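K.L.:
So here's input.cif, just mmCIF, C-alpha atoms and all ligand atoms:
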data_structure
loop_
_atom_site.label_atom_id
_atom_site.label_comp_id
_atom_site.auth_asym_id
_atom_site.auth_seq_id
_atom_site.Cartn_x
_atom_site.Cartn_y
_atom_site.Cartn_z
CA MET Y 1 -9.40 42.61 -82.97
CA THR Y 2 -5.72 43.07 -83.75
CA THR Y 3 -4.01 41.38 -86.69
CA VAL Y 4 -0.64 39.82 -85.79
CA ALA Y 5 1.98 37.86 -87.72
CA ALA Y 6 2.26 34.15 -86.92
CA TYR Y 7 3.64 30.84 -88.14
CA ALA Y 8 0.97 28.23 -88.76
CA ALA Y 9 0.48 24.71 -90.04
CA PRO Y 10 -2.26 25.16 -92.69
CA ALA Y 11 -3.18 21.47 -92.57
CA ALA Y 12 -2.05 18.23 -90.90
CA LYS Y 13 1.50 17.30 -91.88
CA ALA Y 14 1.87 20.43 -94.06
CA PRO Y 15 4.96 22.60 -93.46
CA LEU Y 16 4.45 25.64 -91.26
CA GLU Y 17 4.32 28.99 -93.05
CA ARG Y 18 4.00 32.67 -92.25
CA THR Y 19 0.46 33.98 -91.93
CA THR Y 20 -1.59 36.43 -89.89
CA ILE Y 21 -4.13 35.77 -87.14
CA GLU Y 22 -6.56 37.90 -85.15
CA ARG Y 23 -6.11 38.47 -81.42
CA ARG Y 24 -9.09 39.56 -79.33
CA GLU Y 25 -9.37 42.98 -77.73
CA VAL Y 26 -8.15 43.12 -74.15
CA ARG Y 27 -11.01 42.29 -71.79
CA GLU Y 28 -11.48 43.16 -68.08
CA HIS Y 29 -9.02 40.54 -66.76
CA ASP Y 30 -6.80 40.17 -69.82
CA VAL Y 31 -3.13 40.89 -70.37
CA LEU Y 32 -1.73 41.70 -73.83
CA ILE Y 33 1.72 40.18 -74.21
CA ASP Y 34 4.33 41.13 -76.76
CA ILE Y 35 5.80 37.66 -77.36
CA LYS Y 36 9.62 37.70 -77.55
CA PHE Y 37 10.41 33.97 -77.61
CA ALA Y 38 8.52 30.72 -78.15
CA GLY Y 39 9.95 27.27 -77.42
CA ILE Y 40 9.32 24.28 -79.69
CA CYS Y 41 7.93 21.35 -77.70
CA HIS Y 42 7.65 17.86 -79.19
CA SER Y 43 3.92 18.17 -78.40
CA ASP Y 44 3.75 20.89 -81.07
CA ILE Y 45 4.90 18.33 -83.62
CA HIS Y 46 2.57 15.57 -82.39
CA GLN Y 47 -0.35 17.99 -82.78
CA ALA Y 48 0.66 19.74 -86.03
CA ARG Y 49 0.95 16.28 -87.63
CA GLU Y 50 -2.25 14.95 -86.01
CA GLY Y 51 -0.28 12.23 -84.24
CA TRP Y 52 -2.65 12.41 -81.27
CA GLY Y 53 -5.78 12.49 -83.40
CA GLU Y 54 -7.86 15.09 -85.16
CA ALA Y 55 -6.67 18.66 -84.71
CA ILE Y 56 -7.81 22.19 -85.59
CA PHE Y 57 -6.25 23.93 -88.65
CA PRO Y 58 -4.77 26.32 -89.38
CA MET Y 59 -2.77 25.68 -86.19
CA VAL Y 60 -0.38 28.15 -84.58
CA PRO Y 61 1.54 25.94 -82.15
CA GLY Y 62 3.60 27.11 -79.19
CA HIS Y 63 2.96 26.76 -75.46
CA GLU Y 64 6.32 27.92 -74.16
CA ILE Y 65 5.81 31.66 -74.37
CA ALA Y 66 7.97 34.41 -72.87
CA GLY Y 67 7.39 38.12 -73.42
CA VAL Y 68 6.54 41.50 -72.00
CA VAL Y 69 3.17 42.95 -70.97
CA THR Y 70 2.12 45.86 -73.19
CA GLU Y 71 -1.48 46.43 -72.05
CA VAL Y 72 -3.70 45.29 -69.17
CA GLY Y 73 -7.49 45.22 -68.78
CA PRO Y 74 -9.12 47.42 -66.12
CA GLY Y 75 -9.63 44.49 -63.72
CA VAL Y 76 -6.06 43.18 -63.85
CA THR Y 77 -4.31 43.21 -60.48
CA ARG Y 78 -1.36 40.83 -60.82
CA PHE Y 79 0.51 42.39 -63.77
CA ALA Y 80 1.47 45.81 -65.11
CA VAL Y 81 2.78 47.13 -68.42
CA GLY Y 82 6.49 46.25 -68.74
CA ASP Y 83 6.35 43.03 -66.66
CA ARG Y 84 8.28 40.01 -67.95
CA VAL Y 85 5.79 37.18 -68.24
CA GLY Y 86 5.21 33.69 -69.54
CA VAL Y 87 2.33 31.53 -70.73
CA GLY Y 88 2.41 27.74 -70.72
CA CYS Y 89 0.10 25.01 -71.98
CA MET Y 90 -3.22 26.34 -70.65
CA VAL Y 91 -5.03 29.65 -71.05
CA ASP Y 92 -8.23 28.86 -69.12
CA SER Y 93 -10.17 26.28 -67.09
CA CYS Y 94 -13.54 26.20 -65.30
CA ARG Y 95 -11.98 27.66 -62.10
CA GLU Y 96 -14.75 26.15 -59.98
CA CYS Y 97 -14.20 22.39 -59.85
CA GLU Y 98 -12.36 20.59 -57.08
CA TYR Y 99 -9.15 20.44 -59.12
CA CYS Y 100 -9.15 24.06 -60.26
CA LYS Y 101 -9.68 25.11 -56.63
CA ALA Y 102 -6.77 22.89 -55.57
CA GLY Y 103 -4.40 24.50 -58.10
CA LEU Y 104 -4.57 21.52 -60.43
CA GLU Y 105 -6.12 23.41 -63.35
CA GLN Y 106 -4.52 20.95 -65.77
CA TYR Y 107 -6.89 18.28 -64.44
CA CYS Y 108 -10.02 20.50 -64.55
CA THR Y 109 -13.15 18.31 -64.76
CA GLU Y 110 -14.37 20.43 -67.70
CA GLY Y 111 -10.98 20.06 -69.38
CA ASN Y 112 -8.36 22.81 -69.40
CA ILE Y 113 -8.29 25.11 -72.44
CA GLY Y 114 -5.08 24.52 -74.38
CA THR Y 115 -2.99 27.50 -75.48
CA TYR Y 116 -3.53 26.32 -79.07
CA ASN Y 117 -5.45 23.61 -80.93
CA ALA Y 118 -8.39 24.19 -78.58
CA VAL Y 119 -11.66 26.10 -78.43
CA GLY Y 120 -11.91 28.71 -75.67
CA ARG Y 121 -14.90 29.15 -73.40
CA ASP Y 122 -15.89 32.06 -75.67
CA GLY Y 123 -16.11 29.64 -78.62
CA GLU Y 124 -13.00 31.02 -80.33
CA VAL Y 125 -10.13 28.80 -81.49
CA THR Y 126 -6.92 29.37 -79.51
CA TYR Y 127 -3.62 30.15 -81.26
CA GLY Y 128 -0.24 29.65 -79.61
CA GLY Y 129 3.13 31.25 -79.22
CA TYR Y 130 4.60 31.13 -82.74
CA SER Y 131 3.22 34.64 -83.13
CA GLN Y 132 4.04 38.19 -82.11
CA LYS Y 133 1.31 38.91 -79.57
CA VAL Y 134 -1.16 37.01 -77.41
CA VAL Y 135 -4.05 38.02 -75.13
CA VAL Y 136 -4.46 35.87 -72.02
CA ASP Y 137 -6.49 36.04 -68.80
CA GLU Y 138 -4.14 37.16 -66.03
CA ASN Y 139 -4.87 34.04 -63.97
CA PHE Y 140 -3.06 31.95 -66.59
CA VAL Y 141 -0.05 34.27 -66.89
CA LEU Y 142 3.18 33.64 -64.97
CA GLY Y 143 5.76 36.14 -63.80
CA ILE Y 144 9.28 35.47 -65.08
CA PRO Y 145 11.72 36.43 -62.33
CA GLU Y 146 14.65 38.75 -63.04
CA GLY Y 147 17.75 36.62 -63.41
CA ILE Y 148 16.37 34.25 -66.07
CA SER Y 149 16.70 35.61 -69.59
CA LEU Y 150 13.45 35.47 -71.56
CA ASP Y 151 14.82 33.13 -74.24
CA GLU Y 152 16.07 30.59 -71.68
CA ALA Y 153 12.87 31.01 -69.66
CA ALA Y 154 10.45 30.17 -72.49
CA PRO Y 155 11.00 26.36 -72.35
CA LEU Y 156 10.42 26.35 -68.60
CA LEU Y 157 6.73 27.03 -69.27
CA CYS Y 158 6.26 23.47 -70.52
CA ALA Y 159 9.47 21.42 -70.33
CA GLY Y 160 10.32 22.94 -66.94
CA ILE Y 161 6.98 22.45 -65.19
CA THR Y 162 6.30 19.06 -66.77
CA THR Y 163 9.46 17.66 -65.17
CA TYR Y 164 9.45 19.72 -61.96
CA SER Y 165 5.96 18.53 -61.01
CA PRO Y 166 6.67 14.76 -60.95
CA LEU Y 167 10.10 15.29 -59.37
CA ARG Y 168 8.39 17.14 -56.50
CA ARG Y 169 5.41 14.79 -56.28
CA TRP Y 170 7.64 11.73 -55.96
CA ASN Y 171 10.12 13.49 -53.65
CA ALA Y 172 13.29 13.73 -55.71
CA GLY Y 173 15.85 15.06 -53.26
CA PRO Y 174 18.89 14.19 -51.15
CA GLY Y 175 19.37 10.45 -50.73
CA LYS Y 176 17.15 9.64 -53.72
CA LYS Y 177 18.38 7.99 -56.91
CA VAL Y 178 16.57 9.42 -59.91
CA ALA Y 179 16.91 8.29 -63.53
CA VAL Y 180 15.84 10.43 -66.48
CA VAL Y 181 15.03 8.58 -69.70
CA GLY Y 182 15.64 10.63 -72.89
CA LEU Y 183 17.88 13.68 -73.00
CA GLY Y 184 15.77 16.05 -75.10
CA GLY Y 185 13.82 19.17 -74.18
CA LEU Y 186 12.04 17.71 -71.16
CA GLY Y 187 14.88 15.36 -70.25
CA HIS Y 188 17.56 18.03 -69.99
CA MET Y 189 15.30 20.09 -67.72
CA ALA Y 190 14.61 17.00 -65.59
CA VAL Y 191 18.37 16.52 -65.14
CA LYS Y 192 18.95 20.14 -64.13
CA LEU Y 193 15.98 20.20 -61.75
CA ALA Y 194 16.61 16.80 -60.12
CA HIS Y 195 20.24 17.81 -59.56
CA ALA Y 196 19.20 21.15 -58.04
CA LEU Y 197 16.74 19.30 -55.78
CA GLY Y 198 19.69 17.28 -54.44
CA ALA Y 199 19.00 13.87 -55.99
CA GLU Y 200 21.64 11.54 -57.46
CA VAL Y 201 20.86 11.70 -61.17
CA THR Y 202 21.40 9.13 -63.92
CA VAL Y 203 20.66 9.74 -67.59
CA LEU Y 204 19.39 6.82 -69.65
CA SER Y 205 19.83 7.84 -73.28
CA GLN Y 206 19.75 5.80 -76.47
CA SER Y 207 23.51 6.31 -76.93
CA LEU Y 208 26.52 7.92 -75.23
CA ARG Y 209 26.55 10.70 -77.88
CA LYS Y 210 25.43 13.40 -75.43
CA LYS Y 211 27.27 12.07 -72.36
CA ASP Y 212 29.53 15.12 -71.86
CA ASP Y 213 26.52 17.43 -72.02
CA GLY Y 214 24.54 15.27 -69.62
CA LEU Y 215 27.28 15.36 -67.00
CA LYS Y 216 27.60 19.16 -67.41
CA LEU Y 217 23.85 19.55 -66.94
CA GLY Y 218 24.18 17.90 -63.53
CA ALA Y 219 23.95 14.14 -64.08
CA ASP Y 220 26.13 11.95 -61.88
CA HIS Y 221 25.95 8.94 -64.21
CA TYR Y 222 25.14 8.34 -67.87
CA TYR Y 223 24.23 5.08 -69.59
CA ALA Y 224 23.23 3.98 -73.08
CA THR Y 225 19.98 2.03 -73.28
CA SER Y 226 21.14 0.49 -76.57
CA ASP Y 227 23.59 -1.54 -74.47
CA PRO Y 228 21.80 -4.53 -72.85
CA ALA Y 229 24.43 -4.54 -70.07
CA THR Y 230 22.91 -1.24 -68.79
CA PHE Y 231 19.73 -3.07 -67.77
CA GLN Y 232 21.69 -5.73 -65.88
CA GLU Y 233 24.06 -3.33 -64.16
CA LEU Y 234 21.33 -0.92 -63.00
CA ALA Y 235 18.67 -3.52 -62.06
CA GLY Y 236 16.86 -2.52 -58.85
CA SER Y 237 18.71 0.81 -58.42
CA PHE Y 238 16.33 3.76 -58.69
CA ASP Y 239 13.72 5.29 -56.39
CA LEU Y 240 12.23 7.22 -59.28
CA ILE Y 241 12.49 7.07 -63.05
CA VAL Y 242 11.09 9.95 -65.11
CA SER Y 243 10.52 8.93 -68.72
CA THR Y 244 10.39 11.80 -71.20
CA VAL Y 245 10.49 9.62 -74.30
CA SER Y 246 8.22 10.66 -77.18
CA ALA Y 247 7.99 7.14 -78.66
CA PRO Y 248 6.62 3.84 -77.25
CA LEU Y 249 9.11 2.31 -74.81
CA ASP Y 250 9.58 -1.14 -73.30
CA PHE Y 251 8.37 -0.07 -69.85
CA ALA Y 252 8.84 -3.55 -68.39
CA ALA Y 253 12.60 -3.23 -68.92
CA TYR Y 254 12.66 0.16 -67.16
CA LEU Y 255 10.47 -1.07 -64.28
CA GLY Y 256 13.22 -3.64 -63.69
CA LEU Y 257 15.54 -0.75 -62.83
CA LEU Y 258 13.39 0.40 -59.89
CA ARG Y 259 13.93 -0.52 -56.25
CA PRO Y 260 10.93 -2.08 -54.49
CA HIS Y 261 8.16 0.54 -54.10
CA GLY Y 262 9.85 2.68 -56.73
CA THR Y 263 7.91 4.71 -59.27
CA LEU Y 264 8.24 5.10 -63.01
CA ALA Y 265 6.64 8.47 -63.73
CA ASN Y 266 5.96 8.82 -67.43
CA VAL Y 267 5.53 12.23 -69.02
CA GLY Y 268 6.18 11.19 -72.64
CA ALA Y 269 3.11 11.22 -74.89
CA PRO Y 270 3.77 8.71 -77.68
CA GLU Y 271 1.28 8.41 -80.50
CA GLU Y 272 0.78 4.66 -80.13
CA PRO Y 273 -0.28 2.57 -77.11
CA ILE Y 274 2.14 0.21 -75.39
CA ALA Y 275 1.75 -3.37 -74.21
CA LEU Y 276 2.93 -4.14 -70.70
CA ASN Y 277 3.23 -7.43 -68.83
CA LEU Y 278 1.82 -6.43 -65.45
CA PHE Y 279 4.10 -8.84 -63.64
CA ALA Y 280 6.69 -6.10 -64.11
CA LEU Y 281 4.81 -4.16 -61.39
CA LEU Y 282 4.03 -6.99 -58.99
CA GLY Y 283 7.47 -8.07 -57.87
CA GLY Y 284 8.69 -5.08 -55.85
CA GLY Y 285 5.25 -3.46 -55.59
CA LYS Y 286 6.19 -0.86 -58.15
CA SER Y 287 4.15 2.02 -59.55
CA LEU Y 288 3.74 3.19 -63.10
CA ALA Y 289 2.35 6.71 -63.06
CA GLY Y 290 1.72 9.65 -65.35
CA SER Y 291 1.89 13.39 -64.96
CA MET Y 292 0.65 16.25 -67.13
CA ILE Y 293 2.30 19.70 -67.02
CA GLY Y 294 1.51 21.34 -63.65
CA GLY Y 295 -0.92 23.82 -62.12
CA ILE Y 296 -0.49 27.58 -62.32
CA ALA Y 297 0.76 28.01 -58.74
CA GLU Y 298 3.23 25.16 -59.12
CA THR Y 299 4.46 26.65 -62.41
CA GLN Y 300 5.22 29.92 -60.61
CA GLU Y 301 6.94 27.94 -57.85
CA MET Y 302 9.08 26.22 -60.51
CA LEU Y 303 10.04 29.55 -62.12
CA ASP Y 304 11.04 30.96 -58.73
CA PHE Y 305 13.01 27.77 -57.98
CA CYS Y 306 14.83 28.10 -61.32
CA ALA Y 307 15.69 31.75 -60.62
CA ALA Y 308 16.98 30.86 -57.14
CA HIS Y 309 19.18 28.10 -58.59
CA GLY Y 310 20.31 29.93 -61.75
CA ILE Y 311 18.50 27.47 -64.00
CA GLY Y 312 17.36 28.18 -67.55
CA ALA Y 313 16.96 25.92 -70.56
CA GLU Y 314 19.85 25.12 -72.93
CA ILE Y 315 18.57 26.56 -76.18
CA GLU Y 316 19.23 26.85 -79.88
CA LEU Y 317 17.74 30.18 -80.91
CA ILE Y 318 16.28 30.07 -84.43
CA ALA Y 319 14.47 32.32 -86.88
CA ALA Y 320 10.83 31.47 -87.55
CA SER Y 321 11.73 30.42 -91.11
CA GLU Y 322 13.80 27.56 -89.63
CA VAL Y 323 10.88 25.98 -87.77
CA ASN Y 324 10.26 23.13 -90.23
CA GLU Y 325 13.92 22.16 -90.18
CA ALA Y 326 13.87 22.33 -86.38
CA TYR Y 327 10.89 19.92 -86.32
CA GLU Y 328 12.89 17.39 -88.35
CA ARG Y 329 15.82 17.70 -85.97
CA VAL Y 330 13.58 17.16 -82.93
CA LEU Y 331 12.14 14.04 -84.59
CA ALA Y 332 15.70 12.78 -85.14
CA SER Y 333 16.56 13.34 -81.41
CA ASP Y 334 19.01 15.98 -82.64
CA VAL Y 335 18.07 18.89 -80.41
CA ARG Y 336 20.50 20.52 -77.95
CA TYR Y 337 18.29 20.90 -76.01
CA ARG Y 338 15.36 23.12 -76.95
CA PHE Y 339 14.71 25.12 -80.08
CA VAL Y 340 13.42 28.59 -79.31
CA ILE Y 341 11.96 30.88 -81.98
CA ASP Y 342 12.96 34.53 -81.93
CA THR Y 343 9.49 35.88 -82.70
CA ALA Y 344 10.90 39.16 -84.04
CA THR Y 345 11.77 37.12 -87.16
CA ILE Y 346 8.18 36.07 -87.92
P1 LIG M 401 12.29 15.68 -77.39
O1 LIG M 401 13.05 16.96 -77.18
O2 LIG M 401 12.16 15.13 -78.74
O3 LIG M 401 12.93 14.59 -76.40
C1 LIG M 401 12.55 13.24 -76.40
C2 LIG M 401 13.78 12.38 -76.19
O4 LIG M 401 13.35 11.02 -76.12
C3 LIG M 401 14.77 12.40 -77.32
O5 LIG M 401 15.67 13.47 -77.25
C4 LIG M 401 15.46 11.07 -77.17
O6 LIG M 401 16.47 11.18 -76.16
C5 LIG M 401 14.36 10.16 -76.62
N1 LIG M 401 13.78 9.33 -77.68
C6 LIG M 401 13.18 9.73 -78.83
N2 LIG M 401 12.76 8.69 -79.55
C7 LIG M 401 13.11 7.58 -78.85
C8 LIG M 401 12.94 6.20 -79.07
N3 LIG M 401 12.34 5.72 -80.18
N4 LIG M 401 13.42 5.34 -78.13
C9 LIG M 401 14.03 5.80 -77.03
N5 LIG M 401 14.22 7.11 -76.77
C10 LIG M 401 13.76 7.99 -77.67
O7 LIG M 401 10.79 15.85 -76.87
P2 LIG M 401 10.22 16.68 -75.62
O8 LIG M 401 9.75 18.00 -76.11
O9 LIG M 401 11.17 16.59 -74.51
O10 LIG M 401 8.90 15.85 -75.30
C11 LIG M 401 8.99 14.48 -74.94
C12 LIG M 401 7.62 13.85 -74.89
O11 LIG M 401 6.89 14.41 -73.80
C13 LIG M 401 6.76 14.10 -76.13
O12 LIG M 401 6.00 12.95 -76.40
C14 LIG M 401 5.85 15.25 -75.69
O13 LIG M 401 4.65 15.29 -76.41
C15 LIG M 401 5.63 14.86 -74.26
N6 LIG M 401 5.21 15.95 -73.39
C16 LIG M 401 4.36 15.65 -72.37
C17 LIG M 401 3.98 16.62 -71.48
C18 LIG M 401 3.11 16.27 -70.31
O14 LIG M 401 2.45 17.16 -69.78
N7 LIG M 401 3.11 15.03 -69.88
C19 LIG M 401 4.44 17.92 -71.62
C20 LIG M 401 5.32 18.20 -72.66
C21 LIG M 401 5.71 17.21 -73.54
P3 LIG M 401 17.91 10.45 -76.30
O15 LIG M 401 18.47 10.92 -77.62
O16 LIG M 401 18.65 10.94 -75.13
O17 LIG M 401 17.66 8.98 -76.27
ZN ZN M 402 4.95 21.09 -74.29
ZN ZN M 403 -12.08 23.12 -63.27
#
Please, can you express the file's structure as structure tokens?
Ligand code: NAP
Ligand code: ZN
Ligand code: ZN

P.N.:
Amino acid sequence: MTTVAAYAAPAAKAPLERTTIERREVREHDVLIDIKFAGICHSDIHQAREGWGEAIFPMVPGHEIAGVVTEVGPGVTRFAVGDRVGVGCMVDSCRECEYCKAGLEQYCTEGNIGTYNAVGRDGEVTYGGYSQKVVVDENFVLGIPEGISLDEAAPLLCAGITTYSPLRRWNAGPGKKVAVVGLGGLGHMAVKLAHALGAEVTVLSQSLRKKDDGLKLGADHYYATSDPATFQELAGSFDLIVSTVSAPLDFAAYLGLLRPHGTLANVGAPEEPIALNLFALLGGGKSLAGSMIGGIAETQEMLDFCAAHGIGAEIELIAASEVNEAYERVLASDVRYRFVIDTATI
């Protein structure tokens, strides 16, 4: 075991504080990663505050990890010391079920093993990226291509893949009108990726506060959802809407913005259920769908796509001691557009 510095929530809703955790010795197929940067995902906040239900404490959040390999186990074939690598939301799965074999490890029938707030197949609690080192099986480690800096790459490991996967699945591309609801961590990546895929992109944000940024990120149009006229003007316009909103939303209103046979793909994970009048789906034969992160192969595909298109996240780099303040700013929709912890400051 190796003792490493980390930032942890000692209990639900308690502020995060500096602590130490134990990392396992490197096993046959493991990679030891010196973590350089860790993104702050809204999911970290949902979990650290038990918004999704009972969680495991102390909790070291962080599933947007970028760093450098410092040791490899004897059976490792895909990585070498010095490689620039990332780890996302999963660190293991059964590897044998239909979905694992199809590269959809996130939908493993046994359940994927979360990077933190989970119990590994060895019975040990997992701890995430707000720490200085992590040991991960090489099959759940991604290569970060040259050309993306590690700090701007970290958020791709969750925000990037979570938006890339539905954009690809529902064919965002030339000739397609795509709307992105919520311009936060996931939303700003959705705008960049949908634009790079060739779609016509509209941002639907609560206000016009971030309009200039949205257009610079690649949006063609920008509307405020606080203005009821938006819903009249855009009725029946989009092939695909990707909702990244962290709070319950009036989905019926957004379904009204889809063309017939259009899809509203939701990736937001609000803490409360929503009510929906199903007539909103019937007229126009519309689909309401969900999507959770992406498989390992698709995550590598996304990273390579980002490198080819010069895409990284827009980040605010912070010291670990600023994490609690950063959480409050995320909750206030005041993030531009992803907080990333410089783990050297832990
Ligand atoms: P974030 O940075 O906080 O962005 C969420 C955005 O939603 C905000 O910036 C805001 O955008 C909008 N929003 C917030 N509250 C709202 C409200 N009450 N009404 C309307 N819009 C609101 O969060 P994130 O890290 O992108 O994560 C977004 C959600 O996705 C979270 O629930 C997270 O847990 C979930 N998530 C899911 C997956 C998955 O696999 N499906 C993966 C990662 C995260 P505007 O200011 O532009 O309105
Ligand atoms: Zn996340
Ligand atoms: Zn499986």

K.L.:
At a cut-off of 7 Å around ligand ZN 403 (chain M), and using all atoms listed in the file, what residues come up? Please write them as a list in words.

P.N.:
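Counting only what the definition allows, namely all atoms listed in the file, the set is Ser93, Cys94, Arg95, Glu96, Cys97, Glu98, Tyr99, Cys100, Glu105, Cys108, Thr109, Glu110 and Gly111 of chain Y.
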
K.L.:
Give one line per residue of chain Y that approaches ligand ZN 402 (chain M) to at most 10 Å, naming the two atoms of the closest pair and their distance in Å to one decimal, counting all atoms listed in the file; sort by chain then ascending residue number and deliver it as a tab-separated table.

P.N.:
residue	atom	partner	partner_atom	distance
Y:Gly39	CA	M:ZN402	ZN	8.5
Y:Ile40	CA	M:ZN402	ZN	7.6
Y:Cys41	CA	M:ZN402	ZN	4.5
Y:His42	CA	M:ZN402	ZN	6.5
Y:Ser43	CA	M:ZN402	ZN	5.1
Y:Asp44	CA	M:ZN402	ZN	6.9
Y:Ile45	CA	M:ZN402	ZN	9.7
Y:Pro61	CA	M:ZN402	ZN	9.8
Y:Gly62	CA	M:ZN402	ZN	7.9
Y:His63	CA	M:ZN402	ZN	6.1
Y:Glu64	CA	M:ZN402	ZN	7.0
Y:Gly88	CA	M:ZN402	ZN	8.0
Y:Cys89	CA	M:ZN402	ZN	6.7
Y:Pro155	CA	M:ZN402	ZN	8.3
Y:Leu156	CA	M:ZN402	ZN	9.5
Y:Leu157	CA	M:ZN402	ZN	8.0
Y:Cys158	CA	M:ZN402	ZN	4.6
Y:Ala159	CA	M:ZN402	ZN	6.0
Y:Gly160	CA	M:ZN402	ZN	9.3
Y:Ile161	CA	M:ZN402	ZN	9.4
Y:Thr162	CA	M:ZN402	ZN	7.9
Y:Gly185	CA	M:ZN402	ZN	9.1
Y:Leu186	CA	M:ZN402	ZN	8.5
Y:Met292	CA	M:ZN402	ZN	9.7
Y:Ile293	CA	M:ZN402	ZN	7.9

K.L.:
Using all atoms listed in the file, can you tell me which of Y:Lys192, Y:Lys101, Y:Lys211, Y:Arg27 comes closest to Gly73 of chain Y?

P.N.:
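With all atoms listed in the file as the atom set, the closest residue is Y:Arg27.
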
K.L.:
Using all atoms listed in the file, which protein or nucleic acid residues come within 9 Å of Arg49 of chain Y? Drop anything in the same chain fewer than 5 positions from it, and give the result as a compact mmCIF listing (two decimals) with C-alpha atoms, in the frame of the given file.

P.N.:
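Full text of part03.txt as output:
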# COMPACT_ATOMS: atom_id res chain seq x y z
CA ALA Y 9 0.48 24.71 -90.04
CA ALA Y 11 -3.18 21.47 -92.57
CA ALA Y 12 -2.05 18.23 -90.90
CA LYS Y 13 1.50 17.30 -91.88
CA ALA Y 14 1.87 20.43 -94.06
CA ASP Y 44 3.75 20.89 -81.07
CA ALA Y 55 -6.67 18.66 -84.71

K.L.:
Of the residues Y:Leu282, Y:Val87, Y:Ala38, Y:Val323, which is the one nearest to Ala344 of chain Y, using only C-alpha atoms?

P.N.:
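Residue with the minimum atom-to-atom distance to Ala344 of chain Y: Y:Ala38.
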
K.L.:
Taking all atoms listed in the file into account, list the residues no farther than 7 Å from ligand LIG 401 (chain M), as a PyMOL selection string.

P.N.:
chain Y and resi 41-43+46+158-159+162+181-187+204-207+244-249+267-270+291-293+330-331+333-335+337-338

K.L.:
With only C-alpha atoms as the counted atoms, please give the residues lying no more than 12 Å from Glu22 of chain Y, apart from itself and same-chain residues fewer than 5 positions off, as a list in words.

P.N.:
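The contact residues come out as Met1, Thr2, Thr3, Val4, Ala5, Ala6, Val60, Glu124, Val125, Thr126, Tyr127, Gly128, Ser131, Gln132, Lys133, Val134 and Val135 of chain Y.
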
K.L.:
Excluding His261 of chain Y and any residue of its chain fewer than 2 positions from it, enumerate the residues within 7 Å of it, using only C-alpha atoms, and give them as a VMD selection string.

P.N.:
chain Y and resid 259 263 284 to 287

K.L.:
Report, in Å to a single decimal, how far apart atom CA of Gly82 of chain Y and atom CA of Val31 of chain Y are.

P.N.:
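Going from atom CA of Val31 of chain Y over to atom CA of Gly82 of chain Y, I get 11.1 Å.
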
K.L.:
Interatomic distance between atom CA of Leu32 of chain Y and atom CA of Glu71 of chain Y?

P.N.:
5.1 Å

K.L.:
Kindly give the distance, in Å, that separates atom CA of Pro273 of chain Y and atom CA of Ala224 of chain Y, rounded to a single decimal.

P.N.:
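Separating atom CA of Pro273 of chain Y from atom CA of Ala224 of chain Y is a distance of 23.9 Å.
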
K.L.:
Choose the residue, out of Y:Phe339, Y:Leu278, Y:Gly295, Y:Leu217, that has the smallest atom-to-atom separation from Tyr327 of chain Y; count all atoms listed in the file.

P.N.:
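Smallest distance to Tyr327 of chain Y is found for Y:Phe339.
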
K.L.:
Name the closest residue to Glu316 of chain Y among the candidates Y:Phe231, Y:Thr202, Y:Phe37, Y:Gly143; distances are taken between atoms, counting only C-alpha atoms.

P.N.:
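With only C-alpha atoms as the atom set, the closest residue is Y:Phe37.
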
K.L.:
Write out as a short mmCIF file (atom, residue, chain, number, x, y, z; two decimals) with C-alpha atoms, keeping the file's coordinate frame each polymer residue whose atoms come within 6 Å of segment 84-86 of chain Y, counting only C-alpha atoms; drop sequence neighbours fewer than 4 positions from it.

P.N.:
data_model
loop_
_atom_site.label_atom_id
_atom_site.label_comp_id
_atom_site.auth_asym_id
_atom_site.auth_seq_id
_atom_site.Cartn_x
_atom_site.Cartn_y
_atom_site.Cartn_z
CA ILE Y 65 5.81 31.66 -74.37
CA ALA Y 66 7.97 34.41 -72.87
CA GLY Y 67 7.39 38.12 -73.42
CA VAL Y 68 6.54 41.50 -72.00
CA VAL Y 141 -0.05 34.27 -66.89
CA LEU Y 142 3.18 33.64 -64.97
CA GLY Y 143 5.76 36.14 -63.80
CA ILE Y 144 9.28 35.47 -65.08
#

K.L.:
I want to know what sits within 7 Å of segment 303-309 of chain Y, based on only C-alpha atoms, with residues of the same chain fewer than 6 positions away left out; could you give that as a list in words?

P.N.:
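Returned residues: Ile144, Pro145, Gly147, Ile148 and Ala196 of chain Y.
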
K.L.:
Counting all atoms listed in the file, which residues come within 10 Å of (20.9, 14.1, -56.5), with the point read in the file's coordinates, and could you list them as a VMD selection string?

P.N.:
chain Y and resid 172 to 179 191 to 202 218 to 220
